[in-house]
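Data block for my_file32.tsv (TSV, C-alpha atoms):
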chain	number	residue	atom	x	y	z
A	42	MET	CA	-14.77	-9.46	5.60
A	43	THR	CA	-11.24	-10.85	5.56
A	44	ASP	CA	-8.38	-9.70	7.72
A	45	ARG	CA	-5.74	-8.22	5.41
A	46	THR	CA	-3.25	-7.66	8.21
A	47	ALA	CA	-0.19	-9.80	7.65
A	48	SER	CA	1.31	-11.97	10.30
A	49	PRO	CA	5.09	-11.73	10.73
A	50	GLN	CA	5.59	-15.13	9.10
A	51	ASN	CA	3.93	-14.31	5.77
A	52	ALA	CA	4.36	-10.54	5.53
A	53	GLU	CA	5.79	-9.03	2.38
A	54	PRO	CA	8.75	-6.76	3.14
A	55	ALA	CA	7.53	-3.19	3.44
A	56	ASN	CA	8.44	-0.79	0.67
A	57	ALA	CA	10.35	-3.48	-1.25
A	58	ARG	CA	9.18	-2.17	-4.63
A	59	GLN	CA	8.94	1.31	-6.06
A	60	ARG	CA	5.72	0.68	-8.06
A	61	TYR	CA	2.53	-1.04	-6.96
A	62	VAL	CA	-0.63	-1.66	-8.98
A	63	VAL	CA	-3.67	-1.76	-6.73
A	64	GLY	CA	-7.38	-2.40	-7.27
A	65	ARG	CA	-10.62	-1.17	-5.73
A	66	LYS	CA	-10.38	-4.01	-3.18
A	67	ASP	CA	-7.31	-2.23	-1.73
A	68	LEU	CA	-9.21	0.99	-0.93
A	69	PRO	CA	-8.78	2.91	1.25
A	70	LEU	CA	-5.17	2.80	0.13
A	71	SER	CA	-2.41	2.97	2.68
A	72	CYS	CA	1.35	2.73	2.54
A	73	PRO	CA	2.67	0.37	3.65
A	74	LEU	CA	-0.07	-1.95	2.41
A	75	PRO	CA	-1.85	-4.02	5.09
A	76	GLU	CA	-0.12	-7.21	3.96
A	77	MET	CA	3.32	-5.70	4.57
A	78	ALA	CA	5.34	-5.92	7.74
A	79	LEU	CA	5.22	-2.66	9.69
A	80	TRP	CA	8.11	-3.23	12.08
A	81	ASN	CA	10.73	-2.05	9.55
A	82	SER	CA	8.77	0.65	7.75
A	83	HIS	CA	7.50	4.19	8.08
A	84	PRO	CA	4.20	4.97	9.84
A	85	ARG	CA	1.09	3.96	7.91
A	86	VAL	CA	-0.25	6.82	5.82
A	87	TYR	CA	-3.49	6.81	3.82
A	88	LEU	CA	-3.17	7.97	0.22
A	89	PRO	CA	-5.83	9.73	-1.92
A	90	ILE	CA	-5.67	7.70	-5.14
A	91	GLU	CA	-9.29	7.78	-6.34
A	92	ALA	CA	-9.28	11.18	-8.10
A	93	GLU	CA	-6.03	10.98	-10.07
A	94	ARG	CA	-5.78	7.14	-10.14
A	95	GLU	CA	-2.07	7.48	-9.28
A	96	CYS	CA	-0.25	8.75	-6.23
A	97	GLN	CA	3.09	8.65	-4.47
A	98	CYS	CA	3.86	7.94	-0.84
A	99	PRO	CA	5.35	11.02	0.84
A	100	TYR	CA	7.49	8.84	3.14
A	101	CYS	CA	9.12	6.24	0.90
A	102	GLY	CA	8.35	7.50	-2.61
A	103	ALA	CA	6.54	4.31	-3.69
A	104	HIS	CA	4.28	4.94	-6.68
A	105	PHE	CA	0.76	3.49	-6.68
A	106	ALA	CA	-1.48	3.08	-9.75
A	107	LEU	CA	-5.18	2.20	-9.48
A	108	GLU	CA	-6.62	-0.24	-11.99
A	109	ASP	CA	-10.26	-1.31	-12.22

Please rewrite the model in this file as structure tokens.
Amino acid sequence: MTDRTASPQNAEPANARQRYVVGRKDLPLSCPLPEMALWNSHPRVYLPIEAERECQCPYCGAHFALED
């Protein structure tokens, strides 16, 4: 198992984009994603994407689409 938690040096800015395409490897899905910096973002929230294959973060409005 790999650690998907980003270090401050290589972290993607949180909520920098409005649309993210994610895969099964990203489940369970959370916003911000584990590789994003948390210090300048909203609290991490887990999103139910499996049923509809698309969802939106209630905090920042980022749209997530699940691809196989």

Any idea what's packed within 12 Å of A:Gln59, counting only C-alpha atoms, ignoring anything in its chain fewer than 2 positions away? Could you give it as a ChimeraX atom specification?
-> /A:55-57,61-62,72-73,96-98,100-106

Atom CA of A:Glu93 to atom CA of A:Leu74, distance in Å rounded to a single decimal =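 Computing the Euclidean distance for atom CA of A:Glu93 and atom CA of A:Leu74 yields 18.9 Å.
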
Counting all atoms listed in the file, the option among A:Glu108, A:Arg65, A:Arg60, A:Pro99 closest to A:Arg85 |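 Under the stated criterion, the closest residue is A:Pro99.
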
Just how far from atom CA of A:Ala92 is atom CA of A:Asp109, in Å to one decimal?
->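 Interatomic distance, atom CA of A:Asp109 to atom CA of A:Ala92: 13.2 Å.
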
Nearby residues, (-7.2, 3.2, -6.7) file frame, 6 Å, only C-alpha atoms, as a PyMOL selection string = chain A and resi 64-65+90-91+94+107

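Between atom CA of A:Leu88 and atom CA of A:Arg58 the separation is 16.7 Å.
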
Spatial sel., origin (7.4, -4.6, 9.5), limit 10 Å, only C-alpha atoms, listed as a list in words |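 Residues with an atom at most 10 Å from (7.4, -4.6, 9.5): Ala47, Ser48, Pro49, Ala52, Glu53, Pro54, Ala55, Asn56, Pro73, Glu76, Met77, Ala78, Leu79, Trp80, Asn81, Ser82 and His83 of chain A.
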
Can you spit out stretch 50-107 of chain A with C-alpha atoms, as a JSON list (two decimals), in the first residue's frame, from the structure just given?
[["chain", "number", "residue", "atom", "x", "y", "z"],
["A", 50, "GLN", "CA", 6.72, 20.32, -0.87],
["A", 51, "ASN", "CA", 4.91, 18.33, -3.58],
["A", 52, "ALA", "CA", 1.25, 18.92, -2.75],
["A", 53, "GLU", "CA", -1.11, 20.06, -5.46],
["A", 54, "PRO", "CA", -3.02, 23.19, -4.43],
["A", 55, "ALA", "CA", -6.35, 22.19, -2.94],
["A", 56, "ASN", "CA", -9.45, 22.89, -4.97],
["A", 57, "ALA", "CA", -7.44, 24.44, -7.82],
["A", 58, "ARG", "CA", -9.71, 22.96, -10.49],
["A", 59, "GLN", "CA", -13.47, 22.73, -10.79],
["A", 60, "ARG", "CA", -13.51, 19.27, -12.47],
["A", 61, "TYR", "CA", -11.58, 16.15, -11.54],
["A", 62, "VAL", "CA", -11.64, 12.75, -13.25],
["A", 63, "VAL", "CA", -10.90, 9.98, -10.77],
["A", 64, "GLY", "CA", -10.50, 6.21, -11.02],
["A", 65, "ARG", "CA", -11.25, 3.24, -8.79],
["A", 66, "LYS", "CA", -7.78, 3.62, -7.25],
["A", 67, "ASP", "CA", -9.00, 6.92, -5.73],
["A", 68, "LEU", "CA", -11.85, 5.28, -3.79],
["A", 69, "PRO", "CA", -13.02, 6.05, -1.20],
["A", 70, "LEU", "CA", -13.22, 9.50, -2.74],
["A", 71, "SER", "CA", -12.58, 12.54, -0.61],
["A", 72, "CYS", "CA", -12.34, 16.24, -1.28],
["A", 73, "PRO", "CA", -9.74, 17.56, -1.10],
["A", 74, "LEU", "CA", -7.94, 14.59, -2.62],
["A", 75, "PRO", "CA", -5.18, 13.03, -0.47],
["A", 76, "GLU", "CA", -2.45, 14.46, -2.70],
["A", 77, "MET", "CA", -3.67, 18.02, -2.10],
["A", 78, "ALA", "CA", -2.48, 20.37, 0.60],
["A", 79, "LEU", "CA", -5.01, 20.64, 3.42],
["A", 80, "TRP", "CA", -3.72, 23.75, 5.16],
["A", 81, "ASN", "CA", -5.56, 26.11, 2.79],
["A", 82, "SER", "CA", -8.71, 24.09, 2.12],
["A", 83, "HIS", "CA", -12.00, 23.05, 3.64],
["A", 84, "PRO", "CA", -12.26, 20.02, 5.94],
["A", 85, "ARG", "CA", -11.91, 16.66, 4.19],
["A", 86, "VAL", "CA", -15.28, 15.23, 3.23],
["A", 87, "TYR", "CA", -15.91, 11.79, 1.73],
["A", 88, "LEU", "CA", -18.10, 11.75, -1.38],
["A", 89, "PRO", "CA", -20.45, 8.96, -2.55],
["A", 90, "ILE", "CA", -19.47, 8.64, -6.22],
["A", 91, "GLU", "CA", -19.96, 4.92, -6.89],
["A", 92, "ALA", "CA", -23.73, 4.90, -7.55],
["A", 93, "GLU", "CA", -24.09, 7.89, -9.88],
["A", 94, "ARG", "CA", -20.44, 7.94, -11.11],
["A", 95, "GLU", "CA", -20.46, 11.73, -10.66],
["A", 96, "CYS", "CA", -20.74, 13.96, -7.61],
["A", 97, "GLN", "CA", -20.07, 17.46, -6.39],
["A", 98, "CYS", "CA", -18.30, 18.60, -3.25],
["A", 99, "PRO", "CA", -20.71, 20.43, -0.93],
["A", 100, "TYR", "CA", -17.92, 22.71, 0.34],
["A", 101, "CYS", "CA", -16.08, 23.93, -2.76],
["A", 102, "GLY", "CA", -18.35, 22.83, -5.61],
["A", 103, "ALA", "CA", -15.65, 20.76, -7.35],
["A", 104, "HIS", "CA", -17.18, 18.21, -9.73],
["A", 105, "PHE", "CA", -15.84, 14.64, -9.72],
["A", 106, "ALA", "CA", -16.39, 12.05, -12.47],
["A", 107, "LEU", "CA", -15.52, 8.37, -12.02]]
